Each structure stands twice: as structure tokens, then as C-alpha cells.
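Participant: Could you have a look at this structure, given as C-alpha cells, before my questions?
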Amino acid sequence: MIRVRHLLPCALLLATAFSLAAADRARPRNIVIIYADDLGYGDVSCYGAKRVSTPNVDRLAREGLRFTSGYATSGTCTPSRFALLSGEYPWRRDGTGVLPGDAALVIDLGRATLPSVLKKAGYTTAAVGKWHLGLGANGATIDWNKPIAPGPREVGFDYSFIMAATADRVPCVYVENQRVVGIDPKDPLRVDYKNPFPGEPTGVSERAKLKMDWSHGHNMGVVNGIGRIGYYTGGRAAQWVDEDMADTFTRHAVDFITREKDRPFFLYFATHDIHVPRVPHPRFVGKTGMGARGDAIVQFDWEVGEILNTLERHGLTRDTLVILSSDNGPVIDDGYKDSAVEKLGDHRPAASFRGGKYSRFEAGTRVPFIVRWPGHVRSGVSDALMSHVDLVATFAALTGQKLAERDAPDSLDQSAALLGESPRGRDYVIEHAGKLALREGNWKFIAPAQGVALQVNTHTETANLPTPQLYDLSTDVGEKKNLAASEQARTTAMAEKLAALQKATRTRP
């Protein structure tokens with residue numbers, strides 16, 4: 001159900017709801033998506049966190065609609081971002097797993113994307129922050145010293161200021177509108193994910209000198225005293241400073257809003273803070289007592305505040321639809337010794353859910369999901385089932401765009417639920433982390449899968465078991481009591497439905 005904060009009598013409220021749903025909806029003048037990285041359901045105070053305070057995220061929730069069943073499509077970053085921008089489940093397409101920093105673009109240039117749909121609708125579009133969807137053409141080696149294409153521009157973004165992948169992968173440089181920022185032609189940048197460059201330090205050879213030690217992996221090239229995945233040489237003048245990353249991305253996002261304030265815009269602001277390596281700016285260090293991960297959450301909240309304050313400063317708050325969510329659930333030790341485990345205390349990043357990043361249990365994909373558009377989105381709490389894969393079709397509907405038959409094949413128009421007009425949302429959501437799971441209503445089916453049940457490095461329960469699992473989330477949100485044996489008919493029916501959905505090729509009417 002949706003619990004709405006309104007002063008109207010119930011009868012008038014119902015009449016208003018009917019008239020709003022029946023009438024033609026207004027089109028959002030501006031759209032902003034704030035996409036966090038590795039932010040868990042329990043990591044922000046409006047979803048129950050006690051040891052970390054997130055007043056700006058809370059403000060967004062207070063003034064908007066907070067969903068309790070919002071889902072990323074996948075338990076890792078690249079596939080979730082692929083689905084959000086393409087409207088297609090990543091497990092339908094090979095090569096959409098977690099990408100190295102030198103991977104080719106994985107988005108099909110022949111189909112519509114979220115930015116291309118909004119660009120066609122008259123919005124100026126921008127991507128700022130983490131990309132991790134590949135750059136360049138298949139089969140071609142990226143030359144980081146020349147214009148890099150295809151990339152954000154070719155999938156619909158007018159402006160981009162991004163990192164190629166993640167901060168734990170080389171190259172550790174910013175790319176603005178197809179060019180590495182600050183590259184020196186006399187010191188060309190080269191990247192290799194297989195072989196080290198002679199004479200360059202590695203996380204193994206320089207381990208004693210690192211300012212952040214690694215716990216597993218992350219011991220190849222060294223940038224800013226931190227071991228990374230992948231090797232590099234050259235490009236010294238272009239290397240980022242990790243501590244300044246949040247300021248840098250936020251400045252470019254704010255500048256874009258300021259520059260485009262007089263015409264419709266779409267901003268995809270993909271922050272990185274909570275993903276490893278967690279290196280918050282010194283002004284946030286020590287703010288939580290939870291180590292680098294807790295301080296990075298506070299830093300993320302500051303970024304949210306800067307975006308909201310910029311909209312307010314330019315008089316755009318009521319004209320802008322803002323969505324805040326995360327690409328997957330939380331992970332504590334993801335490769336670096338940053339005290340996140342030791343200082344976690346009683347903080348519960350996954351709230352009451354089981355698993356985390358890399359998992360098909362709920363904590364892998366059930367994430368914070370908040371929508372604000374004053375005067376159009378009703379403030380309150382919604383239990384509607386929502387999935388990031390639906391944003392393409394939803395924003396196409398909100399902006400009057402028609403998708404072609406092959407576009408966004410798995411995306412459904414959920415504008416009524418997004419705006420708080422309907423409590424229903426999706427009939428089901430498919431959760432993905434290697435293999436698939438299906439939530440239908442309050443029932444959750446997890447298909448059998450080979451592989452480790454517990455990732456030793458990250459201490460994540462993956463949900464990989466050789467037998468089917470069935471949980472009643474209405475009474476067991478922690479997915480502790482497997483009912484597959486006692487609910488055989490339901491288990492079989494959901495297994496068959498998931499298999500059919502997996503095989504189905506969906507096209508638009």
C-alpha cells in the first residue's frame with residue numbers, strides 16, 4: 001500500500017487520485033537520476049540506519065516517495081547500469097558482466113537508450129561520474145591518448161565527464177567528451193589487464209609502501225598509493241586524486257545544471273564513494289566512527305545535498321523529477337583493508353535482508369529507491385514493486401515518446417507507480433547475480449545454481465544452492481526458512497514462470 005501524507009479528507013483524496021490518474025500527466029521539465037554505488041538498503045537513515053546520518057537523502061525521502069520494494073536488476077554494477085540505460089535485462093546479452101577498464105562499449109548502438117529517448121524529447125543530456133559500460137568498439141584496442149568512441153555520446157549523452165570503469169581499476173583518469181582530461185602527449189597512457197609494464201610498481205612489489213593495503217586482488221598497478229586491478233604506464237599528469245573525486249564529479253554535475261538551467265535537461269549522476277577503494281575527502285574522515293565506508297556514506301549524502309541545493313538555488317526544485325537509487329546492495333570487505341569490517345559495529349548495511357552485493361538474496365538487489373517531484377509525486381511510502389529496467393519505458397511515457405519494437409524489450413511503463421498514483425507496480429521482479437531469482441507478490445523463488453554458497457573474500461551469501469529455494473517475504477524478509485519442500489506446487493509454478501520469462505523474446509506493441 002501507499003501511505004500518503006495529505007491533509008485532504010479520504011473521499012476527496014480518492015477523487016483526486018482518480019482524476020490525476022485519468023488526466024493527462026504533466027511532463028517533467030528536468031530529470032535527475034542520482035545513482036549510488038554499493039549503497040545498501042540499510043545504509044541511509046530514512047531506511048533505518050542509526051550510526052550514520054544522511055539528512056539530504058532523508059530530505060529527498062521526506063519530500064518525495066520512498067519505495068520499500070525498489071530493485072536494481074543485478075547484484076553487481078555493470079549489469080545494473082546496462083539495464084537502467086537500455087531497458088534490457090543484462091542476462092539476455094553476453095559480455096555484460098563486471099567489465100575491466102579497457103572493455104569495449106556493451107550498449108547496442110542500434111537501440112534506444114534512456115538518454116537517447118530523452119534527447120529526442122528535447123532534453124539536453126549529461127552523464128557525470130562512474131560509467132563502467134565500456135568504451136570504444138569491439139575488437140579494437142583503446143588508444144587513451146586520442147578521442148575515444150563510441151561511448152556516452154553515441155548512446156545519447158550530449159555531455160559526459162566520467163571514469164571509464166571504477167576507481168579500483170585502471171586507467172585512473174577522467175574522460176570528458178571522449179578525451180582523457182589532462183593527458184600529456186609526451187607521456188602517453190597505456191593500459192594492460194594481463195601483463196605488467198617493466199619498471200612500474202605493483203601492489204605486490206610496493207605493498208609495504210601502500211597507503212591502503214589490499215585484502216584480496218587489487219594488487220596490480222599502483223596509483224595514489226593504492227593498488228588497482230590492471231596495469232598501466234604513462235599518463236601521470238592525468239591521474240586523478242581519489243580524495244578529490246567526489247568534489248570533482250559534483251562540481252561538474254552542478255556546473256551542468258547551472259549551464260542548462262534555462263532549458264530542459266537530464267542528468268545521470270553516478271557517484272562512486274561507497275565502492276572500493278573508499279578514500280573520502282579529509283573533511284569527511286572520522287565523521288561516523290565507522291571507518292572509510294561510513295565516512296563515504298556521509299560524503300555521498302553531501303553530494304546529494306549539493307545537487308538538491310543547486311536545483312533550489314536556480315528555482316528548479318518544483319520543475320525537476322529526482323530519482324535516487326543504487327546499482328546493487330552493500331559489501332564491506334571488497335578487496336582493501338580500510339577498517340570497514342572492524343568498525344562496522346551494529347550498523348546493518350543490508351537492514352534485515354540476507355546477502356549483499358554478488359547475491360540473489362534480497363540484499364543483493366533490493367536497494368534504496370526514492371522519487372521526488374513536488375506537486376506531481378505524492379510524498380509518502382510505497383510498497384509497489386519497482387525495477388530499474390523500467391525507467392526507459394516509464395520516462396518515454398512521461399515525455400510522450402514512443403519506443404520502437406526492438407527498443408527496451410524488458411522495460412514496462414511504471415509511471416503510475418512512480419508518481420504514487422498506483423500502489424501496484426510490477427507483478428514480478430527478476431533478480432540476477434550470475435543466475436536468476438523471481439519475486440512475485442511476496443513470494444521469492446531462487447533457481448538452483450552451482451557455485452560457492454559463501455564468498456570467502458567478501459563473506460557474502462550468494463544464494464547458490466543445488467536445490468530450489470522458496471521464501472515468503474511477508475513473514476520472512478531475512479529468507480531464513482526455505483519452503484520449497486512444503487510448497488511444492490508453488491515452487492514448480494514459479495520455476496516454470498521464471499524459465500518462460502528467461503526464454504521469452506519480448507517486443508513492443
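In the C-alpha cells, chains take the letters A, B, ... in the order shown, each chain's residues start at 1, and ligands count up from 1 in the order shown.
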Which residues, written as a PyMOL selection string, have at least one atom at most 9 Å from A:Gly400, with only C-alpha atoms counted and residues fewer than 3 positions away on the same chain left out?

Facilitator: chain A and resi 27+121+395-397

Participant: Using only C-alpha atoms, determine which residues lie at most 7 Å from A:Ile323, disregarding the query and same-chain residues fewer than 6 positions distant; provide the list as a ChimeraX atom specification.

Facilitator: /A:32-34,370-372

Participant: Taking only residues of stretch 196-309 of chain A that have an atom at most 7 Å from an atom of stretch 335-351 of chain A, what is each one's shortest atom pair and its distance in Å to one decimal, using only C-alpha atoms, in chain and number order, as a tab-separated table?

Facilitator:
```
residue	atom	partner	partner_atom	distance
A:Met212	CA	A:Lys337	CA	6.6
A:Asp213	CA	A:Lys337	CA	5.5
A:Trp214	CA	A:Tyr336	CA	4.1
A:Ser215	CA	A:Tyr336	CA	4.9
A:His216	CA	A:Gly335	CA	4.8
A:Gly217	CA	A:Gly335	CA	6.1
A:His218	CA	A:Gly335	CA	6.4
A:Pro277	CA	A:Tyr336	CA	6.8
A:Met290	CA	A:Lys343	CA	4.7
A:Gly291	CA	A:Ala340	CA	5.4
A:Ala292	CA	A:Asp338	CA	6.1
A:Arg293	CA	A:Ala340	CA	5.6
```

Participant: Just write the chosen residues, N, CA and C atoms, as a PDB file, in the first residue's frame.

Facilitator:
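And here's selection-v3.pdb as it stands now:
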```pdb
ATOM      1  N   MET A 212      46.968   2.303   1.453  1.00  0.00           N
ATOM      2  CA  MET A 212      45.828   1.433   1.760  1.00  0.00           C
ATOM      3  C   MET A 212      46.176   0.035   1.282  1.00  0.00           C
ATOM      4  N   ASP A 213      46.301  -0.889   2.208  1.00  0.00           N
ATOM      5  CA  ASP A 213      46.674  -2.257   1.860  1.00  0.00           C
ATOM      6  C   ASP A 213      45.481  -2.981   1.238  1.00  0.00           C
ATOM      7  N   TRP A 214      45.777  -3.996   0.452  1.00  0.00           N
ATOM      8  CA  TRP A 214      44.722  -4.796  -0.166  1.00  0.00           C
ATOM      9  C   TRP A 214      44.514  -6.084   0.620  1.00  0.00           C
ATOM     10  N   SER A 215      43.280  -6.568   0.626  1.00  0.00           N
ATOM     11  CA  SER A 215      42.971  -7.818   1.311  1.00  0.00           C
ATOM     12  C   SER A 215      42.877  -8.974   0.322  1.00  0.00           C
ATOM     13  N   HIS A 216      42.384  -8.708  -0.871  1.00  0.00           N
ATOM     14  CA  HIS A 216      42.385  -9.709  -1.945  1.00  0.00           C
ATOM     15  C   HIS A 216      42.306  -8.960  -3.276  1.00  0.00           C
ATOM     16  N   GLY A 217      43.100  -9.445  -4.238  1.00  0.00           N
ATOM     17  CA  GLY A 217      43.161  -8.764  -5.523  1.00  0.00           C
ATOM     18  C   GLY A 217      43.702  -7.354  -5.366  1.00  0.00           C
ATOM     19  N   HIS A 218      43.381  -6.465  -6.303  1.00  0.00           N
ATOM     20  CA  HIS A 218      43.751  -5.059  -6.181  1.00  0.00           C
ATOM     21  C   HIS A 218      45.235  -4.862  -5.904  1.00  0.00           C
ATOM     22  N   PRO A 277      38.203   1.606  -4.000  1.00  0.00           N
ATOM     23  CA  PRO A 277      38.756   1.969  -2.700  1.00  0.00           C
ATOM     24  C   PRO A 277      38.037   3.185  -2.126  1.00  0.00           C
ATOM     25  N   MET A 290      32.896   4.824  11.786  1.00  0.00           N
ATOM     26  CA  MET A 290      32.727   3.530  11.124  1.00  0.00           C
ATOM     27  C   MET A 290      33.798   3.298  10.070  1.00  0.00           C
ATOM     28  N   GLY A 291      34.842   4.091  10.087  1.00  0.00           N
ATOM     29  CA  GLY A 291      35.897   3.913   9.103  1.00  0.00           C
ATOM     30  C   GLY A 291      35.538   4.510   7.763  1.00  0.00           C
ATOM     31  N   ALA A 292      36.318   4.123   6.759  1.00  0.00           N
ATOM     32  CA  ALA A 292      36.189   4.748   5.441  1.00  0.00           C
ATOM     33  C   ALA A 292      34.813   4.537   4.824  1.00  0.00           C
ATOM     34  N   ARG A 293      34.207   3.382   5.044  1.00  0.00           N
ATOM     35  CA  ARG A 293      32.914   3.143   4.409  1.00  0.00           C
ATOM     36  C   ARG A 293      31.832   4.053   4.990  1.00  0.00           C
TER      37      ARG A 293
END
```

Participant: Any idea what's packed within 8 Å of stretch 176-189 of chain A, counting only C-alpha atoms, ignoring anything in its chain fewer than 2 positions away? Could you give it as a list in words?

Facilitator: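 After dropping sequence-adjacent residues, the list is Trp144, Asn145, Lys146, Pro147, Ile148, Ala149, Gly151, Arg153, Tyr159, Ser160, Phe161, Ile162, Val173, Tyr174, Val191, Tyr232, Thr233, Gly234, Gly235, Arg236, Ala237 and Ala238 of chain A.
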
Participant: Using Å and a single decimal, report how far atom CA of A:Leu501 sits from atom CA of A:Arg111.

Facilitator: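 According to the coordinates, atom CA of A:Arg111 and atom CA of A:Leu501 are separated by 21.1 Å.
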
Participant: Mind dumping a table of every stretch 16-133 of chain A residue within 9 Å of stretch 193-196 of chain A, with the nearest atom pair and its distance in Å to one decimal, using only C-alpha atoms, sorted by chain and rising number, as JSON lines?

Facilitator:
```
{"residue": "A:Pro100", "atom": "CA", "partner": "A:Tyr193", "partner_atom": "CA", "distance": 7.6}
{"residue": "A:Gly101", "atom": "CA", "partner": "A:Tyr193", "partner_atom": "CA", "distance": 8.3}
{"residue": "A:Asp102", "atom": "CA", "partner": "A:Tyr193", "partner_atom": "CA", "distance": 7.9}
```

Participant: Could the residues in this selection be written to a file with C-alpha atoms, as a PDB file, in the first residue's frame?

Facilitator:
```
ATOM      1  CA  PRO A 100      37.638  -4.397 -16.976  1.00  0.00           C
ATOM      2  CA  GLY A 101      38.638  -0.782 -17.509  1.00  0.00           C
ATOM      3  CA  ASP A 102      39.631  -1.335 -21.131  1.00  0.00           C
TER       4      ASP A 102
END
```

Participant: Which polymer residues have any atom within 8 Å of an atom of A:Thr271, counting only C-alpha atoms, with same-chain residues fewer than 4 positions away left out, as a list in words?

Facilitator: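 Everything that qualifies: Ile34, Tyr35, Ala36, Asp37, Gly129, Lys130, Ala246, Phe249 and Phe300 of chain A.
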
Participant: Would you mind exporting the chosen residues as a short mmCIF file (atom, residue, chain, number, x, y, z; two decimals), in the first residue's frame, restricted to C-alpha atoms?

Facilitator:
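Result file out-v2.cif:
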```
data_model
loop_
_atom_site.label_atom_id
_atom_site.label_comp_id
_atom_site.auth_asym_id
_atom_site.auth_seq_id
_atom_site.Cartn_x
_atom_site.Cartn_y
_atom_site.Cartn_z
CA ILE A 34 21.43 10.08 -8.61
CA TYR A 35 22.84 6.56 -8.87
CA ALA A 36 24.86 5.47 -5.87
CA ASP A 37 27.43 2.67 -5.93
CA GLY A 129 30.58 10.04 -12.63
CA LYS A 130 31.03 6.31 -12.92
CA ALA A 246 33.56 13.47 -5.01
CA PHE A 249 32.23 14.87 -10.03
CA PHE A 300 27.64 10.70 -0.67
#
```

Participant: Distance atom CA of A:Val276-atom CA of A:Ala363, one decimal place?

Facilitator: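 Separation of atom CA of A:Val276 and atom CA of A:Ala363: 18.2 Å.
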
Participant: From the list A:Leu316, A:Val222, A:Ala126, A:Glu431, which residue is nearest A:Phe197 when using only C-alpha atoms?

Facilitator: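 Residue with the minimum atom-to-atom distance to A:Phe197: A:Val222.
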
Participant: From a DSSP pass on the backbone, collect the residues of stretch 53-234 of chain A flagged as strand (DSSP E) and hand them back as a VMD selection string.

Facilitator: chain A and resid 65 to 67 70 to 71 124 to 130 159 to 163 174 to 176 179 to 180 190 to 192 222 to 223 226 to 227 231 to 233

Participant: Find the spatial neighbours of A:Pro201, counting only C-alpha atoms, within a cut-off of 7 Å - ignore same-chain residues fewer than 4 positions away - and output them as a PDB file with N, CA and C atoms, in the first residue's frame.

Facilitator:
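Written output follows (part_14.pdb):
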```pdb
ATOM      1  N   SER A 205      54.883  -5.588  -5.305  1.00  0.00           N
ATOM      2  CA  SER A 205      56.253  -5.119  -5.101  1.00  0.00           C
ATOM      3  C   SER A 205      56.325  -3.938  -4.137  1.00  0.00           C
ATOM      4  N   GLU A 206      55.249  -3.129  -4.072  1.00  0.00           N
ATOM      5  CA  GLU A 206      55.251  -1.923  -3.234  1.00  0.00           C
ATOM      6  C   GLU A 206      54.317  -2.049  -2.030  1.00  0.00           C
ATOM      7  N   GLY A 221      48.612  -2.523 -10.790  1.00  0.00           N
ATOM      8  CA  GLY A 221      49.184  -1.186 -10.843  1.00  0.00           C
ATOM      9  C   GLY A 221      48.899  -0.379  -9.586  1.00  0.00           C
ATOM     10  N   VAL A 222      49.753   0.603  -9.300  1.00  0.00           N
ATOM     11  CA  VAL A 222      49.602   1.448  -8.115  1.00  0.00           C
ATOM     12  C   VAL A 222      49.395   2.893  -8.551  1.00  0.00           C
TER      13      VAL A 222
END
```

Participant: Mind checking which residues fall within 12 Å of A:His272, counting only C-alpha atoms, ignoring those fewer than 2 positions away in the same chain, and posting them as a PyMOL selection string?

Facilitator: chain A and resi 34-39+77+128-132+162-163+165-168+242-250+269-270+274-280+293+296-297+299-301+303+326-327

Participant: Using only C-alpha atoms, please write the residues we just selected to a file, as an mmCIF file, in the first residue's frame.

Facilitator:
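Result went into again_5.cif, see below:
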```cif
data_model
loop_
_atom_site.group_PDB
_atom_site.id
_atom_site.type_symbol
_atom_site.label_atom_id
_atom_site.label_comp_id
_atom_site.auth_asym_id
_atom_site.auth_seq_id
_atom_site.Cartn_x
_atom_site.Cartn_y
_atom_site.Cartn_z
ATOM 1 C CA ILE A 34 21.425 10.076 -8.614
ATOM 2 C CA TYR A 35 22.838 6.565 -8.872
ATOM 3 C CA ALA A 36 24.864 5.472 -5.868
ATOM 4 C CA ASP A 37 27.434 2.673 -5.928
ATOM 5 C CA ASP A 38 27.191 -0.227 -3.437
ATOM 6 C CA LEU A 39 24.740 1.686 -1.208
ATOM 7 C CA CYS A 77 27.436 -2.735 -11.161
ATOM 8 C CA VAL A 128 28.703 12.554 -14.800
ATOM 9 C CA GLY A 129 30.578 10.042 -12.635
ATOM 10 C CA LYS A 130 31.034 6.313 -12.922
ATOM 11 C CA TRP A 131 30.468 4.763 -16.357
ATOM 12 C CA HIS A 132 31.638 1.097 -16.322
ATOM 13 C CA ILE A 162 33.230 10.102 -16.407
ATOM 14 C CA MET A 163 35.652 7.498 -15.195
ATOM 15 C CA ALA A 165 35.122 1.865 -15.082
ATOM 16 C CA THR A 166 35.601 2.033 -11.302
ATOM 17 C CA ALA A 167 38.264 3.530 -9.067
ATOM 18 C CA ASP A 168 39.727 0.124 -8.279
ATOM 19 C CA ASP A 242 40.990 9.785 -5.066
ATOM 20 C CA GLU A 243 40.324 12.145 -2.178
ATOM 21 C CA ASP A 244 39.114 14.823 -4.624
ATOM 22 C CA MET A 245 36.857 12.576 -6.706
ATOM 23 C CA ALA A 246 33.556 13.465 -5.007
ATOM 24 C CA ASP A 247 34.299 17.181 -5.298
ATOM 25 C CA THR A 248 35.300 16.806 -8.933
ATOM 26 C CA PHE A 249 32.232 14.867 -10.027
ATOM 27 C CA THR A 250 29.882 17.059 -8.005
ATOM 28 C CA PHE A 269 24.860 11.499 -11.799
ATOM 29 C CA ALA A 270 26.611 8.231 -10.933
ATOM 30 C CA ILE A 274 30.918 3.740 -1.253
ATOM 31 C CA HIS A 275 32.629 1.488 -3.806
ATOM 32 C CA VAL A 276 36.228 0.496 -3.056
ATOM 33 C CA PRO A 277 38.756 1.969 -2.700
ATOM 34 C CA ARG A 278 36.961 4.171 -0.205
ATOM 35 C CA VAL A 279 39.018 7.323 0.071
ATOM 36 C CA PRO A 280 36.749 10.144 1.279
ATOM 37 C CA ARG A 293 32.914 3.143 4.409
ATOM 38 C CA ALA A 296 31.998 7.661 2.376
ATOM 39 C CA ILE A 297 28.245 7.420 3.037
ATOM 40 C CA GLN A 299 30.285 12.147 1.654
ATOM 41 C CA PHE A 300 27.637 10.705 -0.674
ATOM 42 C CA ASP A 301 24.930 12.447 1.320
ATOM 43 C CA GLU A 303 26.807 15.195 -2.876
ATOM 44 C CA SER A 326 21.816 2.288 -6.012
ATOM 45 C CA ASP A 327 23.275 -0.150 -8.529
#
```

Participant: Using only C-alpha atoms for the distances, tell me which of A:Phe256, A:Trp240, A:Phe82, A:Tyr89 is nearest to A:Thr125.

Facilitator: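 Among the listed residues, A:Phe256 lies closest to A:Thr125.
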
Participant: What's the 9 Å shell around A:Val392, counting only C-alpha atoms, without same-chain residues fewer than 5 positions away, as a VMD selection string?

Facilitator: chain A and resid 84 to 87 112 to 115 117 397 408 411 to 413

Participant: Could those selected residues go to a file with C-alpha atoms, as a PDB file, in the first residue's frame?

Facilitator:
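Below is the file part.pdb, written as the result:
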```pdb
ATOM      1  CA  LEU A  84      18.900   1.006 -16.371  1.00  0.00           C
ATOM      2  CA  LEU A  85      20.138   2.727 -19.537  1.00  0.00           C
ATOM      3  CA  SER A  86      18.999   0.135 -22.108  1.00  0.00           C
ATOM      4  CA  GLY A  87      15.749  -1.276 -20.710  1.00  0.00           C
ATOM      5  CA  ALA A 112      17.090   3.459 -27.984  1.00  0.00           C
ATOM      6  CA  THR A 113      18.515   4.212 -24.543  1.00  0.00           C
ATOM      7  CA  LEU A 114      17.265   6.302 -21.656  1.00  0.00           C
ATOM      8  CA  PRO A 115      19.371   9.331 -22.711  1.00  0.00           C
ATOM      9  CA  VAL A 117      14.803   8.805 -25.647  1.00  0.00           C
ATOM     10  CA  ALA A 397       5.679   7.590 -21.380  1.00  0.00           C
ATOM     11  CA  ALA A 408      13.987  -1.519 -24.314  1.00  0.00           C
ATOM     12  CA  SER A 411      11.071  -2.219 -19.858  1.00  0.00           C
ATOM     13  CA  LEU A 412       7.479  -1.546 -18.756  1.00  0.00           C
ATOM     14  CA  ASP A 413       5.758   1.775 -18.196  1.00  0.00           C
TER      15      ASP A 413
END
```

Participant: To one decimal place in Å, what is the distance between atom CA of A:Glu200 and atom CA of A:Leu135?

Facilitator: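 Taking atom CA of A:Glu200 and atom CA of A:Leu135, their separation equals 24.8 Å.
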
Participant: If you run DSSP on the backbone, which residues of stretch 79-268 of chain A are helix (DSSP H, G or I), as a VMD selection string?

Facilitator: chain A and resid 79 to 86 90 to 92 114 to 120 152 to 155 207 to 209 236 to 238 242 to 259
